[in-house]
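Heads up, input_24.pdb below (PDB, C-alpha atoms):
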```
ATOM      1  CA  MET L  12     114.868  89.808  -1.080
ATOM      2  CA  ASP L  13     117.299  87.747  -3.115
ATOM      3  CA  LEU L  14     119.699  90.676  -3.193
ATOM      4  CA  PHE L  15     119.508  90.925   0.608
ATOM      5  CA  TRP L  16     120.599  87.310   1.045
ATOM      6  CA  LYS L  17     123.439  87.708  -1.441
ATOM      7  CA  ALA L  18     124.715  90.857   0.289
ATOM      8  CA  SER L  19     124.454  89.171   3.685
ATOM      9  CA  ALA L  20     126.399  86.178   2.422
ATOM     10  CA  ALA L  21     129.042  88.464   0.916
ATOM     11  CA  GLY L  22     129.347  90.256   4.258
ATOM     12  CA  LEU L  23     129.836  86.983   6.107
ATOM     13  CA  ILE L  24     132.392  85.767   3.570
ATOM     14  CA  ALA L  25     134.261  89.068   3.829
ATOM     15  CA  THR L  26     134.261  88.731   7.623
ATOM     16  CA  VAL L  27     135.750  85.244   7.444
ATOM     17  CA  LEU L  28     138.397  86.462   4.987
ATOM     18  CA  VAL L  29     139.247  89.446   7.197
ATOM     19  CA  MET L  30     139.598  87.164  10.216
ATOM     20  CA  THR L  31     141.810  84.819   8.208
ATOM     21  CA  LEU L  32     144.052  87.593   6.889
ATOM     22  CA  GLY L  33     144.508  89.168  10.304
ATOM     23  CA  LYS L  34     145.671  92.753  10.763
ATOM     24  CA  ARG L  35     146.877  93.463   7.251
ATOM     25  CA  ASP L  36     146.136  96.437   5.048
ATOM     26  CA  ILE L  37     144.360  94.190   2.562
ATOM     27  CA  SER L  38     141.893  93.073   5.210
ATOM     28  CA  LEU L  39     140.910  96.670   5.962
ATOM     29  CA  ALA L  40     140.487  97.354   2.239
ATOM     30  CA  LEU L  41     138.385  94.198   1.876
ATOM     31  CA  MET L  42     136.216  95.223   4.801
ATOM     32  CA  MET L  43     135.695  98.710   3.362
ATOM     33  CA  ALA L  44     134.795  97.284  -0.041
ATOM     34  CA  ALA L  45     132.276  94.904   1.532
ATOM     35  CA  CYS L  46     130.746  97.762   3.534
ATOM     36  CA  CYS L  47     130.372  99.882   0.400
ATOM     37  CA  MET L  48     128.765  97.013  -1.504
ATOM     38  CA  ILE L  49     126.312  96.251   1.292
ATOM     39  CA  ALA L  50     125.486  99.948   1.672
ATOM     40  CA  ALA L  51     124.770 100.152  -2.061
ATOM     41  CA  VAL L  52     122.355  97.236  -1.729
ATOM     42  CA  GLY L  53     120.741  98.947   1.255
ATOM     43  CA  ILE L  54     120.222 102.092  -0.777
ATOM     44  CA  THR L  55     118.277 100.132  -3.399
ATOM     45  CA  TYR L  56     115.855  99.051  -0.681
ATOM     46  CA  LEU L  57     115.191 102.680   0.182
ATOM     47  CA  GLU L  58     113.694 103.526  -3.231
ATOM     48  CA  PRO L  59     110.108 102.551  -2.259
ATOM     49  CA  VAL L  60     110.511 104.512   0.953
ATOM     50  CA  MET L  61     111.586 107.552  -1.056
ATOM     51  CA  ASP L  62     108.523 107.210  -3.304
ATOM     52  CA  LEU L  63     106.265 107.042  -0.259
ATOM     53  CA  LEU L  64     107.910 110.109   1.279
ATOM     54  CA  ARG L  65     107.473 112.039  -1.985
ATOM     55  CA  GLN L  66     103.770 111.150  -2.001
ATOM     56  CA  LEU L  67     103.495 112.250   1.610
ATOM     57  CA  GLU L  68     105.264 115.513   0.798
ATOM     58  CA  GLU L  69     102.737 116.210  -1.977
ATOM     59  CA  MET L  70      99.723 115.263   0.168
ATOM     60  CA  ILE L  71     100.531 117.508   3.095
ATOM     61  CA  GLN L  72     102.081 120.196   0.908
ATOM     62  CA  MET L  73     105.255 120.252   2.977
ATOM     63  CA  GLU L  74     107.577 123.194   2.461
ATOM     64  CA  GLN L  75     109.947 122.487  -0.399
ATOM     65  CA  GLY L  76     113.282 121.151   0.769
ATOM     66  CA  LEU L  77     112.346 120.028   4.274
ATOM     67  CA  LEU L  78     112.094 116.396   3.250
ATOM     68  CA  SER L  79     115.462 116.561   1.535
ATOM     69  CA  VAL L  80     116.988 117.947   4.737
ATOM     70  CA  LEU L  81     115.629 114.982   6.683
ATOM     71  CA  LEU L  82     116.946 112.519   4.120
ATOM     72  CA  LYS L  83     120.356 114.183   4.036
ATOM     73  CA  ALA L  84     120.503 114.008   7.821
ATOM     74  CA  ALA L  85     119.731 110.289   7.727
ATOM     75  CA  GLY L  86     122.420 109.769   5.090
ATOM     76  CA  ILE L  87     125.004 111.729   7.048
ATOM     77  CA  GLY L  88     124.195 109.696  10.150
ATOM     78  CA  ALA L  89     124.563 106.396   8.295
ATOM     79  CA  VAL L  90     127.846 107.382   6.627
ATOM     80  CA  ALA L  91     129.271 108.681   9.910
ATOM     81  CA  GLU L  92     128.311 105.490  11.724
ATOM     82  CA  ILE L  93     129.753 103.174   9.071
ATOM     83  CA  SER L  94     132.945 105.245   8.821
ATOM     84  CA  SER L  95     133.279 105.198  12.588
ATOM     85  CA  ILE L  96     132.902 101.430  12.753
ATOM     86  CA  ILE L  97     135.492 100.931  10.026
ATOM     87  CA  CYS L  98     137.965 103.198  11.830
ATOM     88  CA  THR L  99     137.343 101.415  15.124
ATOM     89  CA  ASP L 100     137.850  98.015  13.476
ATOM     90  CA  GLY L 101     141.044  99.341  11.920
ATOM     91  CA  GLY L 102     142.403 100.205  15.357
ATOM     92  CA  ALA L 103     141.682 103.944  15.281
ATOM     93  CA  GLY L 104     138.918 104.153  17.887
ATOM     94  CA  SER L 105     139.480 107.813  18.676
ATOM     95  CA  LEU L 106     139.212 108.668  14.989
ATOM     96  CA  GLY L 107     135.961 106.699  14.854
ATOM     97  CA  LYS L 108     134.514 108.661  17.783
ATOM     98  CA  THR L 109     135.603 111.908  16.146
ATOM     99  CA  LEU L 110     133.787 110.903  12.949
ATOM    100  CA  GLN L 111     130.639 110.277  14.994
ATOM    101  CA  PHE L 112     130.981 113.769  16.469
ATOM    102  CA  LEU L 113     131.481 115.211  12.989
ATOM    103  CA  GLY L 114     128.327 113.473  11.786
ATOM    104  CA  SER L 115     126.326 114.852  14.718
ATOM    105  CA  ALA L 116     127.639 118.364  14.112
ATOM    106  CA  ALA L 117     126.851 118.156  10.394
ATOM    107  CA  ILE L 118     123.309 116.966  11.119
ATOM    108  CA  LEU L 119     122.749 119.811  13.571
ATOM    109  CA  CYS L 120     124.059 122.331  11.049
ATOM    110  CA  LEU L 121     121.835 120.848   8.358
ATOM    111  CA  SER L 122     118.828 120.992  10.713
ATOM    112  CA  VAL L 123     118.948 124.762  11.249
ATOM    113  CA  PRO L 124     116.284 125.436   8.547
ATOM    114  CA  LEU L 125     114.000 122.889  10.224
ATOM    115  CA  PHE L 126     114.402 124.612  13.564
ATOM    116  CA  GLN L 127     113.748 127.994  11.951
ATOM    117  CA  SER L 128     110.554 126.691  10.337
ATOM    118  CA  LEU L 129     109.457 125.224  13.645
ATOM    119  CA  LEU L 130     110.146 128.510  15.426
ATOM    120  CA  SER L 131     108.169 130.516  12.863
ATOM    121  CA  LEU L 132     105.282 128.036  13.110
ATOM    122  CA  ILE L 133     105.252 128.373  16.885
ATOM    123  CA  GLN L 134     105.300 132.187  16.597
ATOM    124  CA  GLU L 135     102.455 132.035  14.079
ATOM    125  CA  ILE L 136     100.384 129.831  16.375
ATOM    126  CA  LEU L 137     100.986 132.139  19.314
ATOM    127  CA  GLY L 138     100.177 135.199  17.187
ATOM    128  CA  GLN L 139     103.575 136.837  17.630
ATOM    129  CA  VAL L 140     104.417 137.323  13.976
TER     130      VAL L 140
END
```
This entry written out as structure tokens:
Amino acid sequence: MDLFWKASAAGLIATVLVMTLGKRDISLALMMAACCMIAAVGITYLEPVMDLLRQLEEMIQMEQGLLSVLLKAAGIGAVAEISSIICTDGGAGSLGKTLQFLGSAAILCLSVPLFQSLLSLIQEILGQV
């Protein structure tokens, strides 16, 4: 948890610096750098979760690749949200909303194999194969 507190402190310090610098290009770059650093710390906390999901995948013998689709969707959602917030903070709110839409569209496109598997499972249950 030590890394969490350090990343939180760095985020707060970056916020104070951004507020002090005002609307300059350097403040946007500082904010983006802080976001990337904090996201990298967040990713390290996901390693035990990934191990647990791999164990779960082996236990229930999930179809190969379905778990990776779910994880990619979560990653796309997180990146789209962070990018959107940065754009909105930088004064480009419409660009931020468009990035959120792009993230949603990418997740839907990525989810097509999941929907196909679900449809085939439903057909198998109903005996319509």
>> Applying the PyMOL selection byres ((chain L and resi 22) around 12) to the file I just gave you, which residues come out? Please list them as a VMD selection string.
In response: chain L and resid 15 to 21 23 to 29 41 to 50 52
Would you save the residues from that selection as a short mmCIF file (atom, residue, chain, number, x, y, z; two decimals), in the coordinates of the input, using C-alpha atoms?
```cif
data_model
loop_
_atom_site.label_atom_id
_atom_site.label_comp_id
_atom_site.auth_asym_id
_atom_site.auth_seq_id
_atom_site.Cartn_x
_atom_site.Cartn_y
_atom_site.Cartn_z
CA PHE L 15 119.51 90.92 0.61
CA TRP L 16 120.60 87.31 1.04
CA LYS L 17 123.44 87.71 -1.44
CA ALA L 18 124.72 90.86 0.29
CA SER L 19 124.45 89.17 3.68
CA ALA L 20 126.40 86.18 2.42
CA ALA L 21 129.04 88.46 0.92
CA LEU L 23 129.84 86.98 6.11
CA ILE L 24 132.39 85.77 3.57
CA ALA L 25 134.26 89.07 3.83
CA THR L 26 134.26 88.73 7.62
CA VAL L 27 135.75 85.24 7.44
CA LEU L 28 138.40 86.46 4.99
CA VAL L 29 139.25 89.45 7.20
CA LEU L 41 138.38 94.20 1.88
CA MET L 42 136.22 95.22 4.80
CA MET L 43 135.70 98.71 3.36
CA ALA L 44 134.79 97.28 -0.04
CA ALA L 45 132.28 94.90 1.53
CA CYS L 46 130.75 97.76 3.53
CA CYS L 47 130.37 99.88 0.40
CA MET L 48 128.76 97.01 -1.50
CA ILE L 49 126.31 96.25 1.29
CA ALA L 50 125.49 99.95 1.67
CA VAL L 52 122.36 97.24 -1.73
#
```
Dig up all the protein and nucleic acid residues within 12 Å of (122.5, 114.4, 14.2) in the file frame, using all atoms listed in the file, and format them as a VMD selection string. chain L and resid 80 to 92 110 to 123
For the selection you just gave me, I'd like the residues written to a file as an mmCIF file, keeping the file's coordinate frame, keeping C-alpha atoms.
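Written file, out34.cif:
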```cif
data_model
loop_
_atom_site.group_PDB
_atom_site.id
_atom_site.type_symbol
_atom_site.label_atom_id
_atom_site.label_comp_id
_atom_site.auth_asym_id
_atom_site.auth_seq_id
_atom_site.Cartn_x
_atom_site.Cartn_y
_atom_site.Cartn_z
ATOM 1 C CA VAL L 80 116.988 117.947 4.737
ATOM 2 C CA LEU L 81 115.629 114.982 6.683
ATOM 3 C CA LEU L 82 116.946 112.519 4.120
ATOM 4 C CA LYS L 83 120.356 114.183 4.036
ATOM 5 C CA ALA L 84 120.503 114.008 7.821
ATOM 6 C CA ALA L 85 119.731 110.289 7.727
ATOM 7 C CA GLY L 86 122.420 109.769 5.090
ATOM 8 C CA ILE L 87 125.004 111.729 7.048
ATOM 9 C CA GLY L 88 124.195 109.696 10.150
ATOM 10 C CA ALA L 89 124.563 106.396 8.295
ATOM 11 C CA VAL L 90 127.846 107.382 6.627
ATOM 12 C CA ALA L 91 129.271 108.681 9.910
ATOM 13 C CA GLU L 92 128.311 105.490 11.724
ATOM 14 C CA LEU L 110 133.787 110.903 12.949
ATOM 15 C CA GLN L 111 130.639 110.277 14.994
ATOM 16 C CA PHE L 112 130.981 113.769 16.469
ATOM 17 C CA LEU L 113 131.481 115.211 12.989
ATOM 18 C CA GLY L 114 128.327 113.473 11.786
ATOM 19 C CA SER L 115 126.326 114.852 14.718
ATOM 20 C CA ALA L 116 127.639 118.364 14.112
ATOM 21 C CA ALA L 117 126.851 118.156 10.394
ATOM 22 C CA ILE L 118 123.309 116.966 11.119
ATOM 23 C CA LEU L 119 122.749 119.811 13.571
ATOM 24 C CA CYS L 120 124.059 122.331 11.049
ATOM 25 C CA LEU L 121 121.835 120.848 8.358
ATOM 26 C CA SER L 122 118.828 120.992 10.713
ATOM 27 C CA VAL L 123 118.948 124.762 11.249
#
```
Correct to one decimal, the distance atom CA of Thr55 of chain L-atom CA of Ile96 of chain L is 21.8 Å
Quote the spacing between atom CA of Asp100 of chain L and atom CA of Leu39 of chain L in Å to one decimal place.
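Interatomic distance here is 8.2 Å.
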Point-to-point distance in Å for atom CA of Ser95 of chain L and atom CA of Thr109 of chain L: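 Separation between atom CA of Thr109 of chain L and atom CA of Ser95 of chain L: 7.9 Å.
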Can segment 68-92 of chain L be brought up to N, CA and C atoms and written out as a PDB file, in the coordinates of the input?
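Saved file part37.pdb follows:
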```pdb
ATOM      1  N   GLU L  68     104.899 114.101   0.952  1.00  0.00           N
ATOM      2  CA  GLU L  68     105.264 115.513   0.798  1.00  0.00           C
ATOM      3  C   GLU L  68     104.221 116.245  -0.052  1.00  0.00           C
ATOM      4  N   GLU L  69     103.752 115.598  -1.116  1.00  0.00           N
ATOM      5  CA  GLU L  69     102.737 116.210  -1.977  1.00  0.00           C
ATOM      6  C   GLU L  69     101.386 116.301  -1.278  1.00  0.00           C
ATOM      7  N   MET L  70     101.025 115.278  -0.499  1.00  0.00           N
ATOM      8  CA  MET L  70      99.723 115.263   0.168  1.00  0.00           C
ATOM      9  C   MET L  70      99.608 116.355   1.227  1.00  0.00           C
ATOM     10  N   ILE L  71     100.637 116.522   2.015  1.00  0.00           N
ATOM     11  CA  ILE L  71     100.531 117.508   3.095  1.00  0.00           C
ATOM     12  C   ILE L  71     101.093 118.866   2.691  1.00  0.00           C
ATOM     13  N   GLN L  72     101.531 118.957   1.442  1.00  0.00           N
ATOM     14  CA  GLN L  72     102.081 120.196   0.908  1.00  0.00           C
ATOM     15  C   GLN L  72     103.177 120.758   1.826  1.00  0.00           C
ATOM     16  N   MET L  73     104.126 119.888   2.125  1.00  0.00           N
ATOM     17  CA  MET L  73     105.255 120.252   2.977  1.00  0.00           C
ATOM     18  C   MET L  73     106.129 121.289   2.269  1.00  0.00           C
ATOM     19  N   GLU L  74     106.702 122.169   3.030  1.00  0.00           N
ATOM     20  CA  GLU L  74     107.577 123.194   2.461  1.00  0.00           C
ATOM     21  C   GLU L  74     108.700 122.522   1.677  1.00  0.00           C
ATOM     22  N   GLN L  75     108.953 123.060   0.497  1.00  0.00           N
ATOM     23  CA  GLN L  75     109.947 122.487  -0.399  1.00  0.00           C
ATOM     24  C   GLN L  75     111.314 122.417   0.275  1.00  0.00           C
ATOM     25  N   GLY L  76     111.932 121.288   0.239  1.00  0.00           N
ATOM     26  CA  GLY L  76     113.282 121.151   0.769  1.00  0.00           C
ATOM     27  C   GLY L  76     113.361 120.550   2.156  1.00  0.00           C
ATOM     28  N   LEU L  77     112.273 120.567   2.918  1.00  0.00           N
ATOM     29  CA  LEU L  77     112.346 120.028   4.274  1.00  0.00           C
ATOM     30  C   LEU L  77     112.556 118.524   4.264  1.00  0.00           C
ATOM     31  N   LEU L  78     111.916 117.837   3.344  1.00  0.00           N
ATOM     32  CA  LEU L  78     112.094 116.396   3.250  1.00  0.00           C
ATOM     33  C   LEU L  78     113.524 116.057   2.852  1.00  0.00           C
ATOM     34  N   SER L  79     114.080 116.829   1.950  1.00  0.00           N
ATOM     35  CA  SER L  79     115.462 116.561   1.535  1.00  0.00           C
ATOM     36  C   SER L  79     116.431 116.776   2.691  1.00  0.00           C
ATOM     37  N   VAL L  80     116.138 117.727   3.561  1.00  0.00           N
ATOM     38  CA  VAL L  80     116.988 117.947   4.737  1.00  0.00           C
ATOM     39  C   VAL L  80     116.940 116.717   5.642  1.00  0.00           C
ATOM     40  N   LEU L  81     115.755 116.172   5.846  1.00  0.00           N
ATOM     41  CA  LEU L  81     115.629 114.982   6.683  1.00  0.00           C
ATOM     42  C   LEU L  81     116.374 113.793   6.082  1.00  0.00           C
ATOM     43  N   LEU L  82     116.268 113.630   4.779  1.00  0.00           N
ATOM     44  CA  LEU L  82     116.946 112.519   4.120  1.00  0.00           C
ATOM     45  C   LEU L  82     118.460 112.699   4.141  1.00  0.00           C
ATOM     46  N   LYS L  83     118.917 113.927   3.954  1.00  0.00           N
ATOM     47  CA  LYS L  83     120.356 114.183   4.036  1.00  0.00           C
ATOM     48  C   LYS L  83     120.876 113.898   5.432  1.00  0.00           C
ATOM     49  N   ALA L  84     120.098 114.270   6.440  1.00  0.00           N
ATOM     50  CA  ALA L  84     120.503 114.008   7.821  1.00  0.00           C
ATOM     51  C   ALA L  84     120.617 112.509   8.075  1.00  0.00           C
ATOM     52  N   ALA L  85     119.671 111.746   7.565  1.00  0.00           N
ATOM     53  CA  ALA L  85     119.731 110.289   7.727  1.00  0.00           C
ATOM     54  C   ALA L  85     120.956 109.716   7.009  1.00  0.00           C
ATOM     55  N   GLY L  86     121.243 110.219   5.835  1.00  0.00           N
ATOM     56  CA  GLY L  86     122.420 109.769   5.090  1.00  0.00           C
ATOM     57  C   GLY L  86     123.718 110.105   5.794  1.00  0.00           C
ATOM     58  N   ILE L  87     123.809 111.321   6.315  1.00  0.00           N
ATOM     59  CA  ILE L  87     125.004 111.729   7.048  1.00  0.00           C
ATOM     60  C   ILE L  87     125.203 110.831   8.271  1.00  0.00           C
ATOM     61  N   GLY L  88     124.106 110.561   8.973  1.00  0.00           N
ATOM     62  CA  GLY L  88     124.195 109.696  10.150  1.00  0.00           C
ATOM     63  C   GLY L  88     124.681 108.301   9.799  1.00  0.00           C
ATOM     64  N   ALA L  89     124.158 107.740   8.707  1.00  0.00           N
ATOM     65  CA  ALA L  89     124.563 106.396   8.295  1.00  0.00           C
ATOM     66  C   ALA L  89     126.029 106.359   7.872  1.00  0.00           C
ATOM     67  N   VAL L  90     126.453 107.340   7.077  1.00  0.00           N
ATOM     68  CA  VAL L  90     127.846 107.382   6.627  1.00  0.00           C
ATOM     69  C   VAL L  90     128.796 107.580   7.810  1.00  0.00           C
ATOM     70  N   ALA L  91     128.423 108.452   8.739  1.00  0.00           N
ATOM     71  CA  ALA L  91     129.271 108.681   9.910  1.00  0.00           C
ATOM     72  C   ALA L  91     129.390 107.419  10.757  1.00  0.00           C
ATOM     73  N   GLU L  92     128.289 106.712  10.918  1.00  0.00           N
ATOM     74  CA  GLU L  92     128.311 105.490  11.724  1.00  0.00           C
ATOM     75  C   GLU L  92     129.163 104.401  11.069  1.00  0.00           C
TER      76      GLU L  92
END
```
